[in-house]
$ cat protein-v4.txt   # compact mmCIF, C-alpha atoms
# COMPACT_ATOMS: atom_id res chain seq x y z
CA MET I 111 -46.96 -19.56 34.97
CA LYS I 112 -46.65 -23.09 33.63
CA GLU I 113 -48.15 -22.09 30.32
CA VAL I 114 -45.71 -19.20 29.90
CA ASP I 115 -42.80 -21.46 30.71
CA GLY I 116 -43.88 -23.97 28.09
CA LYS I 117 -44.14 -21.33 25.39
CA MET I 118 -40.84 -19.83 26.42
CA ILE I 119 -39.12 -23.19 26.18
CA ILE I 120 -40.43 -23.69 22.67
CA LEU I 121 -39.28 -20.24 21.62
CA ILE I 122 -35.83 -20.61 23.14
CA LEU I 123 -35.58 -24.00 21.48
CA ALA I 124 -36.43 -22.40 18.13
CA LEU I 125 -33.72 -19.80 18.64
CA ALA I 126 -31.15 -22.44 19.62
CA ILE I 127 -32.03 -24.63 16.64
CA GLY I 128 -31.69 -21.58 14.39
CA ILE I 129 -28.24 -20.81 15.76
CA LEU I 130 -27.17 -24.43 15.26
CA ILE I 131 -28.47 -24.44 11.70
CA GLY I 132 -26.60 -21.19 11.02
CA ILE I 133 -23.39 -22.66 12.38
CA PHE I 134 -23.58 -25.86 10.39
CA ILE I 135 -24.76 -24.65 6.99
CA PRO I 136 -21.71 -23.61 4.99
CA VAL I 137 -23.10 -20.20 4.04
CA SER I 138 -21.98 -16.90 5.54
CA ILE I 139 -23.13 -13.36 4.87
CA PRO I 140 -21.09 -11.55 2.20
CA GLN I 141 -18.76 -8.86 3.55
CA ASP I 142 -20.65 -6.07 1.76
CA TYR I 143 -23.95 -6.83 3.49
CA SER I 144 -22.49 -7.71 6.86
CA SER I 145 -23.08 -4.27 8.39
CA TYR I 146 -26.71 -4.14 7.25
CA VAL I 147 -27.41 -7.52 8.76
CA ALA I 148 -25.81 -6.43 12.02
CA VAL I 149 -28.15 -3.44 12.30
CA GLY I 150 -31.12 -5.62 11.35
CA LEU I 151 -30.19 -8.08 14.08
CA LEU I 152 -30.14 -5.30 16.62
CA ALA I 153 -33.63 -4.24 15.55
CA ALA I 154 -34.85 -7.83 15.86
CA LEU I 155 -33.34 -8.15 19.33
CA ASP I 156 -35.11 -4.95 20.30
CA SER I 157 -38.41 -6.42 19.15
CA ILE I 158 -37.80 -9.55 21.18
CA PHE I 159 -37.07 -7.56 24.32
CA GLY I 160 -40.21 -5.56 23.71
CA ALA I 161 -42.18 -8.76 23.34
CA LEU I 162 -40.76 -10.19 26.57
CA LYS I 163 -41.69 -7.02 28.38
CA SER I 164 -45.24 -6.94 27.12
CA ASN I 165 -45.56 -10.64 27.81
CA LEU I 166 -44.68 -9.98 31.44
CA LYS I 167 -47.06 -7.05 31.58
CA GLY I 168 -49.76 -9.16 30.04
CA ASP I 169 -50.53 -6.94 27.03
CA PHE I 170 -48.63 -9.01 24.47
CA LYS I 171 -50.18 -8.95 20.99
CA ILE I 172 -48.76 -11.34 18.46
CA ASP I 173 -49.53 -9.23 15.39
CA ILE I 174 -47.84 -6.19 16.91
CA PHE I 175 -44.82 -8.30 17.71
CA ILE I 176 -44.51 -9.81 14.25
CA SER I 177 -45.06 -6.57 12.40
CA GLY I 178 -42.59 -4.78 14.67
CA PHE I 179 -40.04 -7.55 14.31
CA VAL I 180 -40.14 -7.59 10.50
CA GLY I 181 -40.75 -3.85 9.99
CA ASN I 182 -38.05 -2.64 12.39
CA THR I 183 -35.51 -5.00 10.91
CA LEU I 184 -36.21 -3.92 7.34
CA ILE I 185 -36.26 -0.20 8.17
CA ALA I 186 -33.01 -0.49 10.11
CA MET I 187 -31.35 -2.21 7.15
CA LEU I 188 -32.77 0.40 4.79
CA PHE I 189 -31.42 3.12 7.06
CA ALA I 190 -27.95 1.62 7.03
CA TYR I 191 -28.07 1.24 3.25
CA LEU I 192 -29.26 4.82 2.76
CA GLY I 193 -26.52 6.07 5.09
CA ASP I 194 -23.93 4.26 3.01
CA LYS I 195 -25.27 5.86 -0.17
CA LEU I 196 -25.46 9.35 1.35
CA GLY I 197 -22.09 9.12 3.02
CA ILE I 198 -23.27 9.65 6.60
CA PRO I 199 -23.28 6.85 9.16
CA LEU I 200 -27.07 6.69 9.50
CA TYR I 201 -26.84 3.18 10.92
CA GLN I 202 -25.58 4.79 14.11
CA ALA I 203 -29.03 6.31 14.54
CA ALA I 204 -30.54 2.83 14.44
CA VAL I 205 -27.89 1.48 16.80
CA VAL I 206 -28.50 4.24 19.35
CA ALA I 207 -32.31 4.10 19.10
CA PHE I 208 -32.55 0.33 19.45
CA GLY I 209 -29.82 0.18 22.05
CA VAL I 210 -31.60 2.68 24.26
CA ARG I 211 -34.89 0.88 23.81
CA ILE I 212 -33.44 -2.48 24.73
CA PHE I 213 -32.16 -1.05 28.01
CA GLN I 214 -35.49 0.65 28.71
CA ASN I 215 -37.41 -2.56 28.07
CA PHE I 216 -35.03 -4.49 30.26
CA GLY I 217 -35.49 -1.93 33.03
CA GLU I 218 -39.28 -2.26 32.84
CA MET I 219 -39.03 -6.02 32.82
CA ARG I 220 -36.95 -5.93 35.96
CA ARG I 221 -39.44 -3.70 37.67
CA VAL I 222 -42.38 -5.87 36.70
CA LEU I 223 -40.63 -9.07 37.72
CA LEU I 224 -39.50 -7.74 41.09
CA LEU I 225 -42.92 -6.32 41.90
CA LYS I 226 -44.57 -9.57 40.83
CA ASN I 227 -42.37 -11.62 43.11
CA LYS I 228 -43.11 -9.35 46.05
CA SER I 229 -46.84 -9.42 45.60
CA PHE I 230 -47.00 -12.88 44.11
CA VAL I 231 -50.04 -14.14 45.98
CA LYS I 232 -52.04 -11.03 45.33
CA GLU I 233 -51.48 -11.19 41.60
CA GLU I 234 -52.49 -14.82 41.39
CA ASN I 235 -55.71 -14.04 43.14
CA LYS I 236 -56.41 -11.14 40.88
CA ASN I 237 -55.91 -13.22 37.76
CA ASP I 238 -58.22 -15.84 38.98
CA MET R 197 -49.74 -29.45 32.74
CA LYS R 198 -52.59 -29.36 30.31
CA ALA R 199 -51.40 -26.02 29.05
CA ARG R 200 -48.24 -27.53 27.57
CA ILE R 201 -50.09 -29.92 25.32
CA LYS R 202 -52.36 -27.12 24.15
CA LYS R 203 -52.17 -26.64 20.40
CA PRO R 204 -49.98 -23.69 19.52
CA THR R 205 -51.78 -20.79 17.90
CA GLY R 206 -50.71 -19.40 14.52
CA GLY R 207 -49.06 -16.47 16.20
CA GLN R 208 -46.90 -18.71 18.32
CA VAL R 209 -45.79 -20.69 15.31
CA ALA R 210 -44.95 -17.47 13.50
CA THR R 211 -42.95 -16.25 16.48
CA ALA R 212 -41.08 -19.52 16.62
CA ILE R 213 -40.25 -19.32 12.92
CA LEU R 214 -39.06 -15.74 13.29
CA LEU R 215 -36.80 -16.72 16.16
CA LEU R 216 -35.48 -19.61 14.10
CA ILE R 217 -34.57 -17.20 11.30
CA LEU R 218 -33.07 -14.80 13.83
CA GLY R 219 -30.91 -17.58 15.21
CA ILE R 220 -29.68 -18.51 11.74
CA LEU R 221 -28.86 -14.91 10.94
CA ILE R 222 -27.05 -14.34 14.26
CA SER R 223 -24.75 -17.30 13.82
CA MET R 224 -24.14 -16.48 10.14
CA GLN R 225 -23.26 -12.91 11.02
CA ILE R 226 -20.90 -14.04 13.76
CA LYS R 227 -19.23 -16.38 11.31
CA SER R 228 -18.78 -13.70 8.66
CA VAL R 229 -17.36 -11.19 11.17
CA LYS R 230 -14.94 -13.84 12.34
CA GLN R 231 -13.91 -14.55 8.77
CA SER R 232 -13.31 -10.90 7.98
CA ASN R 233 -11.15 -10.53 11.09
CA GLU R 234 -9.13 -13.54 10.06
CA LEU R 235 -8.71 -12.06 6.60
CA LYS R 236 -7.44 -8.79 8.02
CA ASN R 237 -4.95 -10.59 10.24
CA LEU R 238 -3.79 -12.59 7.25
CA GLU R 239 -3.16 -9.43 5.24
CA LYS R 240 -1.22 -7.88 8.10
CA ALA R 241 0.88 -10.99 8.46
CA ARG R 242 1.58 -10.95 4.73
CA ALA R 243 2.75 -7.32 4.83
CA ILE R 244 5.08 -8.07 7.73
CA GLU R 245 6.43 -11.08 5.89
CA LEU R 246 7.09 -9.03 2.75
CA ALA R 247 8.87 -6.33 4.76
CA GLU R 248 11.10 -8.99 6.27
CA GLN R 249 11.86 -10.37 2.85
CA ILE R 250 12.84 -6.92 1.62
CA ASN R 251 15.22 -6.46 4.53
CA GLN R 252 16.69 -9.89 3.94
CA LEU R 253 17.26 -9.15 0.24
CA LYS R 254 18.83 -5.79 1.05
CA LYS R 255 21.26 -7.47 3.39
CA GLU R 256 22.07 -10.10 0.79
CA ASN R 257 22.54 -7.39 -1.81
CA SER R 258 25.04 -5.46 0.26
CA SER R 259 26.96 -8.59 1.17
CA LEU R 260 27.11 -9.58 -2.50
CA ARG R 261 28.37 -6.10 -3.37
CA SER R 262 31.20 -6.38 -0.88
CA GLN R 263 31.95 -9.76 -2.38
CA ILE R 264 32.23 -8.13 -5.81
CA TYR R 265 34.76 -5.63 -4.51
CA GLU R 266 36.73 -8.39 -2.89
CA LEU R 267 36.85 -10.45 -6.06
CA GLU R 268 37.79 -7.44 -8.16
CA SER R 269 40.73 -6.65 -5.95
CA LYS R 270 41.77 -10.28 -6.21
CA ILE R 271 41.64 -10.06 -10.01
CA LYS R 272 43.84 -6.99 -9.86
CA GLU R 273 46.32 -8.85 -7.72
CA TYR R 274 46.49 -11.67 -10.22
CA GLN R 275 46.99 -9.24 -13.09
CA ASP R 276 49.79 -7.48 -11.22
CA SER R 277 51.51 -10.76 -10.46
CA ALA R 278 51.06 -11.91 -14.03
CA ALA R 279 52.63 -8.68 -15.27
CA SER R 280 55.78 -9.36 -13.31
CA ILE R 281 56.28 -12.78 -14.93
CA SER R 282 57.32 -11.73 -18.42
CA LYS R 283 57.51 -8.89 -20.90
CA THR R 284 54.50 -10.11 -22.85
CA THR R 285 52.20 -10.20 -19.87
CA GLU R 286 53.44 -6.76 -18.85
CA LEU R 287 52.45 -5.39 -22.25
CA LEU R 288 49.11 -7.12 -21.97
CA LYS R 289 48.59 -5.50 -18.58
CA ASP R 290 49.32 -2.05 -19.99
CA GLU R 291 46.85 -2.69 -22.78
CA LEU R 292 44.25 -3.87 -20.29
CA ASP R 293 44.63 -0.72 -18.19
CA LYS R 294 44.13 1.48 -21.23
CA VAL R 295 41.03 -0.41 -22.27
CA LYS R 296 39.71 -0.18 -18.75
CA ILE R 297 39.99 3.60 -18.74
CA LEU R 298 38.32 3.75 -22.12
CA ALA R 299 35.48 1.47 -21.00
CA GLY R 300 35.13 3.29 -17.69
CA LEU R 301 35.79 0.22 -15.58
CA THR R 302 38.27 1.82 -13.23
CA ASP R 303 38.40 4.97 -11.11
CA VAL R 304 40.55 7.62 -12.75
CA GLU R 305 42.05 10.91 -11.57
CA GLY R 306 43.73 13.80 -13.28
CA PRO R 307 43.40 17.45 -14.23
CA GLY R 308 40.22 18.66 -15.83
CA VAL R 309 37.13 20.84 -15.43
CA VAL R 310 34.05 20.71 -13.22
CA ILE R 311 30.92 22.15 -14.80
CA THR R 312 27.83 22.87 -12.73
CA LEU R 313 24.55 23.33 -14.59
CA ASP R 314 21.36 24.43 -12.86
CA ASP R 315 17.89 25.53 -13.89
CA SER R 316 17.27 29.24 -14.36
CA LYS R 317 16.48 31.14 -11.17
CA LEU R 318 14.50 33.80 -13.04
CA PRO R 319 10.88 34.10 -11.93
CA ALA R 320 8.40 32.73 -14.45
CA THR R 321 6.87 35.38 -16.66
CA ALA R 322 3.80 35.30 -18.82
CA ASN R 323 4.02 34.60 -22.55
CA VAL R 324 7.29 32.71 -22.14
CA ASP R 325 7.46 28.95 -22.32
CA PRO R 326 8.73 27.87 -18.86
CA ASN R 327 10.43 24.90 -20.55
CA SER R 328 13.06 27.14 -22.07
CA PHE R 329 14.36 28.01 -18.59
CA LEU R 330 14.89 24.38 -17.63
CA LEU R 331 17.80 22.12 -18.40
CA HIS R 332 17.05 19.37 -20.87
CA ASP R 333 18.72 16.15 -21.84
CA SER R 334 19.70 17.70 -25.16
CA ASP R 335 21.61 20.51 -23.38
CA ILE R 336 23.61 18.01 -21.40
CA LEU R 337 24.23 15.88 -24.48
CA GLN R 338 25.62 18.92 -26.28
CA VAL R 339 27.94 19.74 -23.37
CA ILE R 340 29.17 16.12 -23.29
CA ASN R 341 29.68 16.13 -27.04
CA GLU R 342 31.68 19.36 -26.83
CA LEU R 343 33.86 17.93 -24.07
CA ARG R 344 34.57 14.82 -26.12
CA ALA R 345 35.44 16.92 -29.12
CA ALA R 346 37.91 18.80 -26.93
CA GLY R 347 39.64 15.56 -25.97
CA ALA R 348 38.12 14.66 -22.61
CA GLU R 349 39.36 11.23 -21.55
CA ALA R 350 36.80 10.45 -18.88
CA ILE R 351 33.48 12.13 -18.12
CA SER R 352 30.94 11.73 -15.35
CA ILE R 353 27.61 13.36 -14.60
CA ASN R 354 26.70 13.44 -10.90
CA ASP R 355 29.31 10.70 -10.44
CA GLN R 356 27.75 8.45 -13.09
CA ARG R 357 30.57 7.48 -15.42
CA ILE R 358 29.76 8.04 -19.08
CA VAL R 359 30.48 4.80 -20.92
CA ALA R 360 29.65 3.46 -24.36
CA THR R 361 26.19 2.29 -23.31
CA THR R 362 25.27 5.33 -21.19
CA GLU R 363 21.99 7.01 -22.04
CA ILE R 364 21.18 10.65 -21.29
CA ARG R 365 17.49 10.89 -21.59
CA CYS R 366 14.61 13.02 -20.38
CA ALA R 367 12.60 11.15 -17.72
CA GLY R 368 9.77 13.41 -16.66
CA PRO R 369 11.16 16.21 -14.53
CA THR R 370 14.44 14.30 -14.17
CA ILE R 371 17.15 13.06 -16.49
CA SER R 372 18.04 9.42 -16.60
CA ILE R 373 21.76 8.62 -16.74
CA ASN R 374 22.90 4.98 -16.61
CA ASN R 375 19.29 4.15 -15.64
CA THR R 376 19.55 6.33 -12.54
CA ARG R 377 17.47 9.47 -12.33
CA TYR R 378 18.90 12.85 -11.42
CA SER R 379 17.41 16.31 -11.13
CA ALA R 380 19.20 19.67 -11.38
CA PRO R 381 21.87 20.69 -10.53
CA TYR R 382 24.05 18.51 -12.75
CA ILE R 383 27.75 18.36 -11.95
CA ILE R 384 29.75 17.27 -14.97
CA LYS R 385 33.36 16.27 -14.41
CA ALA R 386 35.75 15.79 -17.31
CA ILE R 387 39.41 14.80 -17.27
CA GLY R 388 41.55 16.32 -19.99
CA ASP R 389 43.52 19.49 -20.65
CA PRO R 390 41.64 22.02 -18.46
CA LYS R 391 42.41 25.00 -20.72
CA ILE R 392 41.29 23.32 -23.91
CA LEU R 393 38.17 21.88 -22.32
CA LYS R 394 37.16 25.23 -20.88
CA ASN R 395 37.86 27.17 -24.04
CA SER R 396 35.90 24.81 -26.22
CA LEU R 397 32.88 25.19 -23.98
CA MET R 398 33.21 28.98 -23.78
CA MET R 399 33.48 29.31 -27.55
CA ARG R 400 31.56 32.28 -28.86
CA GLY R 401 28.15 31.13 -30.01
CA GLY R 402 28.84 27.75 -28.38
CA ILE R 403 26.73 25.73 -26.05
CA ILE R 404 27.44 27.75 -22.90
CA ASP R 405 26.58 31.00 -24.68
CA LEU R 406 23.29 29.44 -25.74
CA LEU R 407 22.48 28.20 -22.24
CA ARG R 408 23.31 31.56 -20.67
CA GLU R 409 20.96 33.22 -23.14
CA PHE R 410 18.17 31.26 -21.46
CA SER R 411 19.70 32.32 -18.09
CA ILE R 412 20.58 28.73 -17.24
CA GLU R 413 23.13 28.86 -14.44
CA VAL R 414 26.51 27.65 -15.65
CA LYS R 415 29.70 27.44 -13.61
CA ILE R 416 32.99 26.15 -15.01
CA GLU R 417 35.98 25.50 -12.77
CA GLU R 418 39.41 24.28 -13.76
CA ALA R 419 40.80 21.72 -11.36
CA SER R 420 44.27 20.28 -11.08
CA ASN R 421 43.06 16.95 -9.77
CA ILE R 422 39.58 15.46 -10.01
CA VAL R 423 38.50 11.89 -9.38
CA ILE R 424 35.99 10.19 -11.64
CA PRO R 425 34.47 6.97 -10.33
CA ARG R 426 34.12 3.87 -12.45
CA TYR R 427 30.94 2.58 -14.03
CA THR R 428 29.00 0.69 -11.34
CA GLY R 429 26.47 -1.06 -13.54
CA THR R 430 26.81 -4.59 -14.82
CA LEU R 431 28.36 -5.45 -18.15
CA LYS R 432 26.32 -8.04 -19.94
CA PHE R 433 26.15 -8.68 -23.64
CA ASN R 434 23.20 -10.74 -24.80
CA TYR R 435 23.46 -10.11 -28.53
CA ALA R 436 26.87 -8.79 -29.48
CA LYS R 437 29.54 -11.46 -29.91
CA ILE R 438 33.13 -11.09 -31.13
CA LYS R 439 33.36 -12.07 -34.75
CA ASN R 440 36.06 -14.57 -35.49
CA GLU R 441 38.05 -13.46 -38.51
CA GLY R 442 39.83 -15.94 -40.72
CA SER R 443 38.99 -18.94 -38.65
$ encode --input "protein-v4.txt" --output "structure tokens"
Amino acid sequence: MKEVDGKMIILILALAIGILIGIFIPVSIPQDYSSYVAVGLLAALDSIFGALKSNLKGDFKIDIFISGFVGNTLIAMLFAYLGDKLGIPLYQAAVVAFGVRIFQNFGEMRRVLLLKNKSFVKEENKND
Amino acid sequence: MKARIKKPTGGQVATAILLLILGILISMQIKSVKQSNELKNLEKARAIELAEQINQLKKENSSLRSQIYELESKIKEYQDSAASISKTTELLKDELDKVKILAGLTDVEGPGVVITLDDSKLPATANVDPNSFLLHDSDILQVINELRAAGAEAISINDQRIVATTEIRCAGPTISINNTRYSAPYIIKAIGDPKILKNSLMMRGGIIDLLREFSIEVKIEEASNIVIPRYTGTLKFNYAKIKNEGS
């Protein structure tokens, strides 16, 4: 558990530093691209939730995470852009898909966490 | 404890970098959304402000108009009192009144005719130019000209007094008179001898005959007393000045 905590702290720190940098650099996203970025952010968040889940389950693979993070974000942005060009709100598809997945991942995480806490000793023994 | 000091693997570094970028993007996005909301609010506020300004100006306008009427009545009072002082001023006052009627600066009443002109009510047919069934500025100009030839002393179209600077001009589907646009029907009032005015218009082969040929609706009524309002525009001469003779 200690090891996981240490990694988590580093990652959360990275996120926080990123947010601070974003706040303090005097650049903001142009209005025209704002909606694409929003959809991309949702995709990225989905990837992070997926990573947290698989981390808890113990089948976390870094390459899957990175490829999913980058690929999902780009495809979501592309979807939004294509929807704009075609005149149908395709970005809604991305919003719904990623939204649903985030809730599913969160549900699984809850289950795993609660079960872990209940059978804490057993799990520790098994891992050893 | 040892685990913490363990060297991070490449994957962990990559994850950290990704999260860093994510953080930057999140805060930038939040900033830009905030900015766009502020911009929208600003635009709304501007529209409200402009609407208020319009209302304010309208109020000012109407109060200034009432001030004009007040001042005009005061001028009239002064003229009347000046007329009672001596014979000369009385003559001047008479002259002024005449000029005022001629220039259209005062309401006038008297006998005359009321002419109503309206577009043809015939249904449009093929092969016929629909324009010939509509009233044009030239038709109205001809009627006005005929009335003047018959000795009309004051003329108005839809209560716009015809003065020396009045234009009667086609303005799309409407006709512009004293820079105000009117559409059919046109009610022309003229003060003069009703019989003469009517007869001159009804002359065989005259303007009314021509208009009726195109089934334009024409109605002429003699009236014993009609009121023609004064010219409501402003009188301003930028170029013309009175030439001093012999000075």
$ interface_residues --input "protein-v4.txt" --of "chain R" --to "chain I" --cutoff "6 Å" --atoms "only C-alpha atoms" --output "number ranges by chain"
R: 199-200, 207, 212, 215-216, 219-220, 223-224, 228
$ atom_distance --input "protein-v4.txt" --atom1 "atom CA of Arg211 of chain I" --atom2 "atom CA of Thr183 of chain I"
14.2 Å
$ residues_near_point --input "protein-v4.txt" --point "(16.2, 32.1, -10.3)" --cutoff "10 Å" --atoms "only C-alpha atoms" --output "list in words"
Asp314, Asp315, Ser316, Lys317, Leu318, Pro319, Ala320, Phe329, Ser411, Ile412 and Glu413 of chain R
$ atom_distance --input "protein-v4.txt" --atom1 "atom CA of Leu188 of chain I" --atom2 "atom CA of Ala207 of chain I"
14.8 Å
$ residues_around --input "protein-v4.txt" --residues "Thr370 of chain R" --least-positions-apart "5" --cutoff "9 Å" --atoms "only C-alpha atoms" --output "list of chain:residue names"
R:His332, R:Asp333, R:Arg365, R:Arg377, R:Tyr378, R:Ser379, R:Ala380
$ residues_around --input "protein-v4.txt" --residues "segment 356-361 of chain R" --least-positions-apart "2" --cutoff "9 Å" --atoms "only C-alpha atoms" --output "PDB file with C-alpha atoms, in the frame of the given file"
ATOM      1  CA  LEU R 298      38.320   3.750 -22.120  1.00  0.00           C
ATOM      2  CA  ALA R 299      35.480   1.470 -21.000  1.00  0.00           C
ATOM      3  CA  GLY R 300      35.130   3.290 -17.690  1.00  0.00           C
ATOM      4  CA  LEU R 301      35.790   0.220 -15.580  1.00  0.00           C
ATOM      5  CA  ALA R 350      36.800  10.450 -18.880  1.00  0.00           C
ATOM      6  CA  ILE R 351      33.480  12.130 -18.120  1.00  0.00           C
ATOM      7  CA  SER R 352      30.940  11.730 -15.350  1.00  0.00           C
ATOM      8  CA  ILE R 353      27.610  13.360 -14.600  1.00  0.00           C
ATOM      9  CA  ASN R 354      26.700  13.440 -10.900  1.00  0.00           C
ATOM     10  CA  GLU R 363      21.990   7.010 -22.040  1.00  0.00           C
ATOM     11  CA  ILE R 373      21.760   8.620 -16.740  1.00  0.00           C
ATOM     12  CA  ASN R 374      22.900   4.980 -16.610  1.00  0.00           C
ATOM     13  CA  THR R 376      19.550   6.330 -12.540  1.00  0.00           C
ATOM     14  CA  ILE R 424      35.990  10.190 -11.640  1.00  0.00           C
ATOM     15  CA  PRO R 425      34.470   6.970 -10.330  1.00  0.00           C
ATOM     16  CA  ARG R 426      34.120   3.870 -12.450  1.00  0.00           C
ATOM     17  CA  TYR R 427      30.940   2.580 -14.030  1.00  0.00           C
ATOM     18  CA  THR R 428      29.000   0.690 -11.340  1.00  0.00           C
TER      19      THR R 428
END
$ closest_residue --input "protein-v4.txt" --among "R:Asp405, R:Asp335, R:Asp325, R:Glu305" --to "Lys385 of chain R" --atoms "only C-alpha atoms"
R:Glu305
$ residues_around --input "protein-v4.txt" --residues "Gly347 of chain R" --least-positions-apart "5" --cutoff "12 Å" --atoms "all atoms listed in the file" --output "JSON list (two decimals) with C-alpha atoms, in the coordinates of the input"
[["chain", "number", "residue", "atom", "x", "y", "z"],
["R", 308, "GLY", "CA", 40.22, 18.66, -15.83],
["R", 340, "ILE", "CA", 29.17, 16.12, -23.29],
["R", 341, "ASN", "CA", 29.68, 16.13, -27.04],
["R", 342, "GLU", "CA", 31.68, 19.36, -26.83],
["R", 386, "ALA", "CA", 35.75, 15.79, -17.31],
["R", 387, "ILE", "CA", 39.41, 14.80, -17.27],
["R", 388, "GLY", "CA", 41.55, 16.32, -19.99],
["R", 389, "ASP", "CA", 43.52, 19.49, -20.65],
["R", 390, "PRO", "CA", 41.64, 22.02, -18.46],
["R", 391, "LYS", "CA", 42.41, 25.00, -20.72],
["R", 392, "ILE", "CA", 41.29, 23.32, -23.91],
["R", 393, "LEU", "CA", 38.17, 21.88, -22.32],
["R", 394, "LYS", "CA", 37.16, 25.23, -20.88],
["R", 395, "ASN", "CA", 37.86, 27.17, -24.04],
["R", 396, "SER", "CA", 35.90, 24.81, -26.22],
["R", 397, "LEU", "CA", 32.88, 25.19, -23.98]]
$ atom_distance --input "protein-v4.txt" --atom1 "atom CA of Ile217 of chain R" --atom2 "atom CA of Met219 of chain I"
24.7 Å
